>>> print(open('entry26.cif').read())   # mmCIF, C-alpha atoms
data_work
#
loop_
_atom_site.label_atom_id
_atom_site.label_comp_id
_atom_site.auth_asym_id
_atom_site.auth_seq_id
_atom_site.Cartn_x
_atom_site.Cartn_y
_atom_site.Cartn_z
CA MET T 1 96.97 141.13 152.89
CA SER T 2 93.42 140.17 153.78
CA SER T 3 93.57 140.32 157.54
CA GLY T 4 92.22 143.91 157.68
CA SER T 5 89.45 144.16 160.24
CA GLU T 6 86.83 145.52 157.82
CA GLN T 7 87.31 142.53 155.59
CA ILE T 8 87.01 140.16 158.52
CA VAL T 9 83.80 141.87 159.56
CA ASP T 10 82.48 141.44 156.03
CA GLU T 11 83.32 137.76 156.13
CA LEU T 12 81.62 137.32 159.46
CA VAL T 13 78.53 139.18 158.37
CA ALA T 14 78.25 136.73 155.54
CA GLU T 15 79.12 133.75 157.72
CA PRO T 16 78.38 134.25 161.42
CA PRO T 17 80.17 131.51 163.48
CA ARG T 18 77.23 130.73 165.76
CA ALA T 19 74.72 130.05 163.01
CA HIS T 20 76.64 127.80 160.69
CA PRO T 21 74.54 125.25 158.82
CA PRO T 22 75.24 121.52 159.44
CA ALA T 23 76.43 121.15 155.87
CA HIS T 24 79.37 123.32 156.75
CA ALA T 25 80.49 121.25 159.74
CA GLU T 26 82.93 119.11 157.74
CA ARG T 27 84.36 122.12 156.02
CA ARG T 28 84.87 123.90 159.35
CA LEU T 29 86.85 120.95 160.66
CA GLY T 30 89.05 121.09 157.58
CA LEU T 31 89.64 124.79 158.14
CA ARG T 32 90.56 124.15 161.79
CA VAL T 33 93.08 121.54 160.74
CA ALA T 34 94.46 123.85 158.06
CA THR T 35 94.82 126.66 160.62
CA ALA T 36 96.66 124.36 163.00
CA LEU T 37 98.85 123.24 160.10
CA ALA T 38 99.61 126.85 159.19
CA CYS T 39 100.64 127.52 162.80
CA ALA T 40 102.83 124.43 162.77
CA VAL T 41 104.45 125.57 159.50
CA LEU T 42 105.13 128.99 161.05
CA GLY T 43 106.77 127.36 164.09
CA PHE T 44 108.87 125.21 161.81
CA LEU T 45 109.92 128.10 159.58
CA LEU T 46 110.64 130.30 162.59
CA VAL T 47 113.03 127.75 164.04
CA ALA T 48 114.59 127.10 160.63
CA GLN T 49 115.19 130.83 160.08
CA VAL T 50 116.60 131.36 163.59
CA ARG T 51 118.99 128.48 163.03
CA ALA T 52 119.92 129.75 159.58
CA ALA T 53 120.74 133.19 160.99
CA GLU T 54 123.36 131.65 163.28
CA GLY T 55 126.94 131.50 162.07
CA LEU T 56 128.76 133.59 159.49
CA GLY T 57 128.50 131.12 156.63
CA ASP T 58 124.75 130.78 157.01
CA ARG T 59 124.43 134.52 157.40
CA LEU T 60 126.33 135.04 154.14
CA ALA T 61 124.11 132.47 152.46
CA GLY T 62 121.15 134.68 153.39
CA GLU T 63 122.62 137.81 151.77
CA ARG T 64 121.60 139.05 148.35
CA GLU T 65 124.06 139.29 145.48
CA GLU T 66 124.64 143.04 145.76
CA ASP T 67 125.24 142.74 149.48
CA LEU T 68 127.62 139.87 148.90
CA ALA T 69 129.43 141.93 146.27
CA ARG T 70 129.72 144.84 148.71
CA ILE T 71 130.97 142.55 151.50
CA LEU T 72 133.43 140.99 149.07
CA SER T 73 134.76 144.36 147.90
CA ASP T 74 135.04 145.51 151.55
CA LEU T 75 136.95 142.39 152.42
CA SER T 76 139.24 142.61 149.40
CA ALA T 77 139.98 146.27 150.17
CA GLN T 78 140.83 145.28 153.72
CA SER T 79 142.92 142.39 152.44
CA ASP T 80 144.79 144.72 150.06
CA ARG T 81 145.48 147.15 152.88
CA LEU T 82 146.77 144.38 155.13
CA GLN T 83 148.85 142.96 152.28
CA GLY T 84 150.44 146.37 151.80
CA GLU T 85 151.14 146.54 155.51
CA ILE T 86 152.82 143.12 155.35
CA THR T 87 155.02 144.27 152.44
CA GLU T 88 155.94 147.43 154.30
CA LEU T 89 156.83 145.55 157.47
CA ARG T 90 158.85 142.99 155.51
CA LEU T 91 160.78 145.85 153.92
CA THR T 92 161.46 147.39 157.32
CA LEU T 93 162.56 144.03 158.63
CA ALA T 94 164.95 143.50 155.70
CA LEU T 95 166.30 147.01 156.25
CA PHE T 96 166.91 146.34 159.91
CA GLU T 97 168.48 142.99 159.17
CA SER T 98 170.87 144.41 156.60
CA SER T 99 171.81 147.31 158.84
CA ALA T 100 172.38 144.91 161.73
CA GLU T 101 174.54 142.82 159.40
CA SER T 102 176.61 145.79 158.26
CA GLU T 103 176.87 146.93 161.86
CA GLU T 104 178.16 143.52 162.79
CA LEU T 105 180.66 143.68 159.91
CA ALA T 106 181.83 147.10 161.05
CA LEU T 107 182.07 145.84 164.60
CA ARG T 108 184.13 142.85 163.49
CA SER T 109 186.55 144.99 161.49
CA LEU T 110 186.84 147.40 164.41
CA GLN T 111 187.53 144.47 166.71
CA ARG T 112 190.27 143.25 164.35
CA ARG T 113 191.76 146.72 164.25
CA LEU T 114 191.59 146.95 168.02
CA ASP T 115 193.38 143.60 168.30
CA ASP T 116 196.08 144.79 165.87
CA LEU T 117 196.58 148.01 167.78
CA ARG T 118 196.69 146.19 171.10
CA ILE T 119 199.43 143.90 169.81
CA LEU T 120 201.26 146.91 168.42
CA ALA T 121 200.92 148.79 171.71
CA GLY T 122 201.85 145.71 173.69
CA THR T 123 198.89 145.93 176.01
CA VAL T 124 197.98 142.29 175.40
CA PRO T 125 200.20 139.21 175.26
CA ALA T 126 200.74 137.98 171.71
CA GLU T 127 201.43 134.50 170.42
CA GLY T 128 202.18 132.85 167.13
CA PRO T 129 205.06 131.46 165.11
CA GLY T 130 208.38 133.23 165.42
CA VAL T 131 212.05 133.03 166.36
CA GLN T 132 213.93 132.99 169.62
CA LEU T 133 217.40 134.55 169.49
CA THR T 134 219.62 133.73 172.45
CA VAL T 135 222.71 135.87 172.90
CA ASP T 136 225.23 134.43 175.35
CA ASP T 137 227.46 137.28 176.41
CA PRO T 138 229.47 136.25 179.52
CA ASP T 139 231.75 139.29 179.37
CA GLY T 140 229.05 141.92 178.78
CA LEU T 141 230.51 143.12 175.50
CA VAL T 142 227.24 143.46 173.52
CA THR T 143 226.39 147.12 173.02
CA GLN T 144 223.03 148.81 172.91
CA ALA T 145 223.68 149.66 169.25
CA ASP T 146 224.03 145.92 168.51
CA LEU T 147 220.68 145.24 170.16
CA VAL T 148 218.99 148.14 168.37
CA ASP T 149 220.35 146.80 165.06
CA THR T 150 219.09 143.32 165.88
CA VAL T 151 215.60 144.57 166.77
CA GLN T 152 215.55 146.75 163.67
CA GLU T 153 216.54 143.73 161.55
CA LEU T 154 213.71 141.69 163.08
CA ARG T 155 211.19 144.46 162.49
CA ASP T 156 212.36 144.87 158.93
CA ALA T 157 211.80 141.15 158.41
CA GLY T 158 208.22 141.49 159.56
CA ALA T 159 208.25 140.92 163.31
CA GLU T 160 204.93 141.91 164.82
CA ALA T 161 205.64 141.61 168.52
CA ILE T 162 209.06 141.51 170.17
CA ALA T 163 210.10 140.91 173.74
CA VAL T 164 213.60 141.09 175.20
CA ASN T 165 213.87 138.71 178.14
CA SER T 166 210.52 139.46 179.77
CA THR T 167 210.17 143.05 178.54
CA ARG T 168 207.81 143.63 175.68
CA LEU T 169 209.16 146.15 173.17
CA ILE T 170 206.75 148.92 172.26
CA ALA T 171 206.96 152.12 170.26
CA SER T 172 208.67 154.01 173.05
CA SER T 173 211.08 151.24 174.06
CA ALA T 174 214.75 152.12 174.32
CA PHE T 175 218.01 150.35 175.04
CA THR T 176 220.18 152.27 177.45
CA THR T 177 223.24 151.70 179.61
CA ARG T 178 223.83 152.60 183.20
CA ASN T 179 227.14 151.99 184.91
CA GLY T 180 228.22 149.80 182.01
CA ARG T 181 225.09 147.62 182.30
CA LEU T 182 222.60 147.26 179.49
CA LEU T 183 219.02 148.24 180.26
CA VAL T 184 215.84 147.89 178.22
CA ASP T 185 213.15 150.32 179.34
CA GLY T 186 214.92 150.54 182.68
CA GLN T 187 215.11 146.77 183.19
CA PRO T 188 218.64 145.32 183.50
CA LEU T 189 219.59 142.92 180.73
CA ASP T 190 221.63 140.04 182.06
CA SER T 191 223.31 137.38 179.97
CA PRO T 192 221.97 135.39 178.30
CA ILE T 193 219.80 137.88 176.46
CA ARG T 194 216.79 136.24 174.89
CA ILE T 195 214.93 138.04 172.14
CA PHE T 196 211.52 136.66 171.19
CA ALA T 197 209.90 137.82 167.97
CA VAL T 198 206.47 136.81 166.71
CA GLY T 199 206.30 137.00 162.94
CA PRO T 200 207.39 135.12 159.80
CA ALA T 201 209.94 132.76 161.41
CA GLU T 202 211.86 131.79 158.31
CA THR T 203 212.22 135.33 156.97
CA MET T 204 213.36 136.61 160.36
CA ALA T 205 215.85 133.78 160.82
CA LYS T 206 217.29 134.48 157.37
CA ALA T 207 217.40 138.23 158.02
CA LEU T 208 219.32 137.70 161.23
CA GLY T 209 221.81 135.40 159.51
CA ILE T 210 222.73 137.46 156.45
CA PRO T 211 226.51 137.98 156.16
CA GLY T 212 227.50 141.19 157.91
CA GLY T 213 224.06 141.29 159.54
CA ALA T 214 222.88 141.24 163.13
CA ILE T 215 224.34 137.86 164.14
CA ASP T 216 227.67 138.55 162.52
CA THR T 217 227.84 141.89 164.32
CA LEU T 218 226.94 140.31 167.65
CA GLN T 219 229.41 137.50 167.25
CA SER T 220 232.18 139.87 166.26
CA SER T 221 232.53 140.67 169.98
CA PRO T 222 234.86 138.05 171.55
CA GLY T 223 233.15 135.34 173.62
CA VAL T 224 229.66 136.10 172.33
CA THR T 225 227.67 133.14 171.01
CA THR T 226 224.21 133.23 169.50
CA THR T 227 221.58 130.64 168.69
CA VAL T 228 218.49 131.18 166.54
CA GLU T 229 215.50 128.89 166.98
CA SER T 230 212.48 128.95 164.71
CA LEU T 231 209.39 128.07 166.74
CA ALA T 232 205.94 127.17 165.52
CA GLN T 233 204.44 128.67 168.62
CA LEU T 234 205.84 131.21 171.03
CA SER T 235 204.34 133.95 173.12
CA VAL T 236 205.47 137.36 174.25
CA PRO T 237 204.18 138.94 177.47
CA ALA T 238 202.15 142.12 177.69
CA ARG T 239 203.34 145.43 179.03
CA ALA T 240 202.26 145.65 182.67
CA GLU T 241 200.42 148.86 181.88
CA ALA T 242 199.90 151.03 178.87
CA GLN T 243 202.02 154.14 178.86
CA PRO T 244 199.81 157.20 179.01
CA PHE T 245 200.52 159.90 176.48
CA VAL T 246 201.22 163.17 178.24
CA PHE T 247 202.06 165.46 175.33
CA GLY T 248 200.71 163.81 172.24
CA ARG T 249 197.07 164.29 171.33
CA PRO T 250 195.36 162.98 168.22
CA VAL T 251 194.78 165.72 165.64
CA PRO T 252 191.00 166.26 165.29
CA ALA T 253 189.65 164.47 162.24
CA GLU T 254 188.51 167.64 160.41
CA GLU T 255 192.00 169.15 160.60
CA ARG T 256 193.78 166.18 159.07
CA SER T 257 195.05 166.41 155.52
CA PRO T 258 193.96 163.55 153.25
CA GLN T 259 197.29 161.75 153.21
CA ASP T 260 197.32 161.58 157.01
CA GLN T 261 194.13 159.66 157.14
CA SER T 262 195.61 156.46 155.81
CA GLY T 263 195.81 153.54 158.19
CA MET D 1 94.58 126.71 172.08
CA ILE D 2 94.95 124.19 169.29
CA PRO D 3 96.84 126.67 167.06
CA LEU D 4 99.24 127.44 169.92
CA VAL D 5 99.90 123.73 170.47
CA ALA D 6 100.38 123.30 166.72
CA LEU D 7 102.85 126.17 166.73
CA LEU D 8 104.85 124.52 169.51
CA ILE D 9 104.76 121.17 167.72
CA GLY D 10 106.07 122.86 164.56
CA ALA D 11 108.88 124.52 166.49
CA LEU D 12 109.73 121.20 168.14
CA LEU D 13 109.81 119.51 164.75
CA GLY D 14 112.16 122.24 163.51
CA LEU D 15 114.46 121.66 166.47
CA LEU D 16 114.41 117.90 166.01
CA LEU D 17 114.83 117.79 162.23
CA GLN D 18 117.34 120.66 162.10
CA PRO D 19 116.43 121.70 158.55
CA THR D 20 119.02 123.54 156.46
CA VAL D 21 117.61 126.38 154.42
CA PRO D 22 118.44 126.00 150.71
CA ALA D 23 120.59 128.87 149.46
CA VAL D 24 117.96 129.81 146.86
CA LEU D 25 115.32 130.33 149.54
CA ALA D 26 117.63 131.93 152.11
CA PRO D 27 116.86 135.58 151.18
CA TYR D 28 113.10 134.93 151.24
CA LEU D 29 112.64 132.91 154.41
CA PRO D 30 113.03 135.82 156.89
CA VAL D 31 110.39 137.87 155.08
CA ALA D 32 108.11 134.85 154.83
CA VAL D 33 108.43 134.30 158.58
CA VAL D 34 107.62 137.93 159.35
CA ALA D 35 104.61 137.80 157.02
CA ALA D 36 103.39 134.62 158.72
CA LEU D 37 103.86 136.26 162.12
CA ASP D 38 101.76 139.17 160.92
CA ALA D 39 99.01 136.78 159.91
CA ILE D 40 99.20 134.99 163.28
CA PHE D 41 98.92 138.21 165.28
CA GLY D 42 96.11 139.38 163.01
CA GLY D 43 94.36 136.09 163.78
CA VAL D 44 94.85 136.46 167.51
CA ARG D 45 93.50 139.98 167.35
CA ALA D 46 90.43 138.84 165.36
CA ARG D 47 89.91 136.08 167.91
CA LEU D 48 89.89 138.60 170.74
CA ASP D 49 87.64 140.92 168.74
CA GLY D 50 85.30 137.98 168.30
CA THR D 51 85.56 138.20 164.53
CA PHE D 52 87.95 135.31 163.89
CA SER D 53 87.39 133.14 160.89
CA GLU D 54 89.65 130.28 159.86
CA ARG D 55 88.96 130.98 156.21
CA VAL D 56 90.08 134.58 156.45
CA PHE D 57 93.06 133.57 158.55
CA LEU D 58 94.19 130.91 156.10
CA ILE D 59 93.82 133.17 153.10
CA SER D 60 95.58 135.96 154.95
CA PHE D 61 98.38 133.60 155.98
CA VAL D 62 99.01 132.24 152.52
CA THR D 63 98.64 135.52 150.61
CA ASN D 64 100.76 137.37 153.16
CA VAL D 65 103.62 134.95 152.78
CA ILE D 66 103.37 134.68 149.02
CA LEU D 67 103.04 138.43 148.54
CA ALA D 68 105.96 139.21 150.83
CA VAL D 69 108.21 136.67 149.14
CA PHE D 70 107.10 137.89 145.73
CA LEU D 71 107.89 141.50 146.62
CA VAL D 72 111.37 140.55 147.77
CA TYR D 73 111.88 138.49 144.62
CA LEU D 74 110.68 141.43 142.54
CA GLY D 75 113.08 143.72 144.41
CA ASP D 76 115.95 141.40 143.53
CA GLN D 77 114.87 141.28 139.88
CA ILE D 78 114.55 145.05 139.41
CA GLY D 79 117.79 145.67 141.23
CA VAL D 80 116.69 147.48 144.37
CA GLY D 81 118.10 144.53 146.30
CA SER D 82 117.47 144.40 149.99
CA ASP D 83 115.63 147.72 149.99
CA LEU D 84 112.27 146.25 149.08
CA SER D 85 112.67 143.46 151.60
CA THR D 86 113.37 146.13 154.21
CA ALA D 87 110.22 147.94 153.12
CA VAL D 88 108.19 144.73 153.44
CA VAL D 89 109.60 143.98 156.89
CA VAL D 90 108.92 147.55 158.06
CA VAL D 91 105.32 147.53 156.85
CA LEU D 92 104.67 144.09 158.33
CA GLY D 93 106.35 145.21 161.55
CA ILE D 94 104.02 148.20 161.79
CA ARG D 95 101.03 145.91 161.23
CA ILE D 96 102.28 143.53 163.91
CA PHE D 97 102.64 146.45 166.33
CA THR D 98 99.11 147.66 165.56
CA ASN D 99 97.71 144.18 166.12
CA LEU D 100 99.69 143.82 169.32
CA ALA D 101 98.27 147.14 170.53
CA SER D 102 94.76 145.80 169.93
CA ILE D 103 95.60 142.54 171.70
CA ARG D 104 97.05 144.51 174.58
CA ARG D 105 93.84 146.52 174.91
CA HIS D 106 91.89 143.28 175.08
CA VAL D 107 94.17 141.58 177.57
CA PHE D 108 94.86 144.47 179.93
CA ARG D 109 91.71 146.49 179.16
CA VAL D 110 93.79 149.63 178.67
#
>>> encode(input="entry26.cif", output="structure tokens")
Amino acid sequence: MSSGSEQIVDELVAEPPRAHPPAHAERRLGLRVATALACAVLGFLLVAQVRAAEGLGDRLAGEREEDLARILSDLSAQSDRLQGEITELRLTLALFESSAESEELALRSLQRRLDDLRILAGTVPAEGPGVQLTVDDPDGLVTQADLVDTVQELRDAGAEAIAVNSTRLIASSAFTTRNGRLLVDGQPLDSPIRIFAVGPAETMAKALGIPGGAIDTLQSSPGVTTTVESLAQLSVPARAEAQPFVFGRPVPAEERSPQDQSG
Amino acid sequence: MIPLVALLIGALLGLLLQPTVPAVLAPYLPVAVVAALDAIFGGVRARLDGTFSERVFLISFVTNVILAVFLVYLGDQIGVGSDLSTAVVVVLGIRIFTNLASIRRHVFRV
């Protein structure tokens, strides 16, 4: 630190520039060159430092160990925090995925149940294997009781959807007579009566044919002939419209006794 | 005039050669540059005062740089880290400002 002005003055008092002896001429030239060299070195270092300060990697290279340690600990703390955030978000994602999955499962089981109930209520056409029972009754001797027995027999054997001629049988279906004519849900039943039942075809065919069963009863009337066909694929039509319930209302869930909740 | 040209030549050389600072020297180079700048401005001021001497300038240049680098090295060794280098840069900065004020008085006569 020798560039203080007092010191310079001292130097100059000892060596005034105007009155330098000739012996010093060579030395002065050397000093000039050295000064120029020093300036050149400064320019070089300046540029080198400016270039070194550019860019993160070079900037880190210029940091001291403690600073690097601090930067490192900062960065690892940040990394830890972000890692924790990733874990948390992954957990949330897994939660959402599993809940979406269970929701989909619930939806699928509900859809199945809805399908079952629709078939039961007859609001949709149903198809599948089953039997077709044709009752040829030219004299109109088949009674409603015979038909009720037959339908009961089919249901007992596992029929899931039944149609008589083109009328789908539902929970409220009834066979009636008016003026000696058979009716099903108000629709006249003309011979031949065709009963379609979707369900286990073999079981139903056997059930119909048991001695003293539905077919025997039907055929006990003179002139009545029946044929039973097992079909791999048959379809029953839907009810034109669902019957609205006027009197019945579901019992609220909290009032039900445990044994009512089944199904 | 010659020193200014030399400075420009040095800068040009730096741009052309694109030197990479070795990692060992990286903490010391900024302080060295500031110390050298201090010496340069001190020289300019002495020139304007009419008291310039190459000998003084050269000694000032070399000792400035060496002392500054040594102080920073010492700071690293005794564990005060960048604090001492900050101290060196602040002191040198004050000196540069003082010299610049003198130069300003010479150039603008205020």
>>> interface_residues(input="entry26.cif", of="chain D", to="chain T", cutoff="9 Å", atoms="only C-alpha atoms", output="ChimeraX atom specification")
/D:2-15,18-30,32-34,36-40,42-43,46,51-64,67,76,79,81-82
>>> atom_distance(input="entry26.cif", atom1="CA of Ala163 in chain T", atom2="CA of Pro222 in chain T")
25.0 Å
>>> resolve_selection(input="entry26.cif", expression="the PyMOL selection byres ((chain T and resi 139-141) around 12)", output="PyMOL selection string")
chain T and resi 135-138+142-147+177+179-183+188-193+217-225
>>> atom_distance(input="entry26.cif", atom1="CA of Leu74 in chain D", atom2="CA of Thr98 in chain D")
26.5 Å
>>> atom_distance(input="entry26.cif", atom1="CA of Ile162 in chain T", atom2="CA of Ala197 in chain T")
4.4 Å
>>> resolve_selection(input="entry26.cif", expression="the PyMOL selection byres ((chain T and resi 166) around 9)", output="list in words")
Ala163, Val164, Asn165, Thr167, Arg168, Arg194, Ile195, Val236 and Pro237 of chain T
>>> closest_residue(input="entry26.cif", among="T:Gly128, T:Ala214, T:Gly158, T:Ala121", to="Ile170 in chain T", atoms="all atoms listed in the file")
T:Ala121
>>> closest_residue(input="entry26.cif", among="D:Ile66, D:Thr86, D:Leu48, D:Val80", to="Arg109 in chain D", atoms="only C-alpha atoms")
D:Leu48
>>> closest_residue(input="entry26.cif", among="D:Leu92, D:Val107, D:Leu84, D:Leu17", to="Val65 in chain D", atoms="only C-alpha atoms")
D:Leu92
>>> closest_residue(input="entry26.cif", among="D:Gly75, D:Leu16, D:Leu100, D:Arg45", to="Ala87 in chain D", atoms="only C-alpha atoms")
D:Gly75
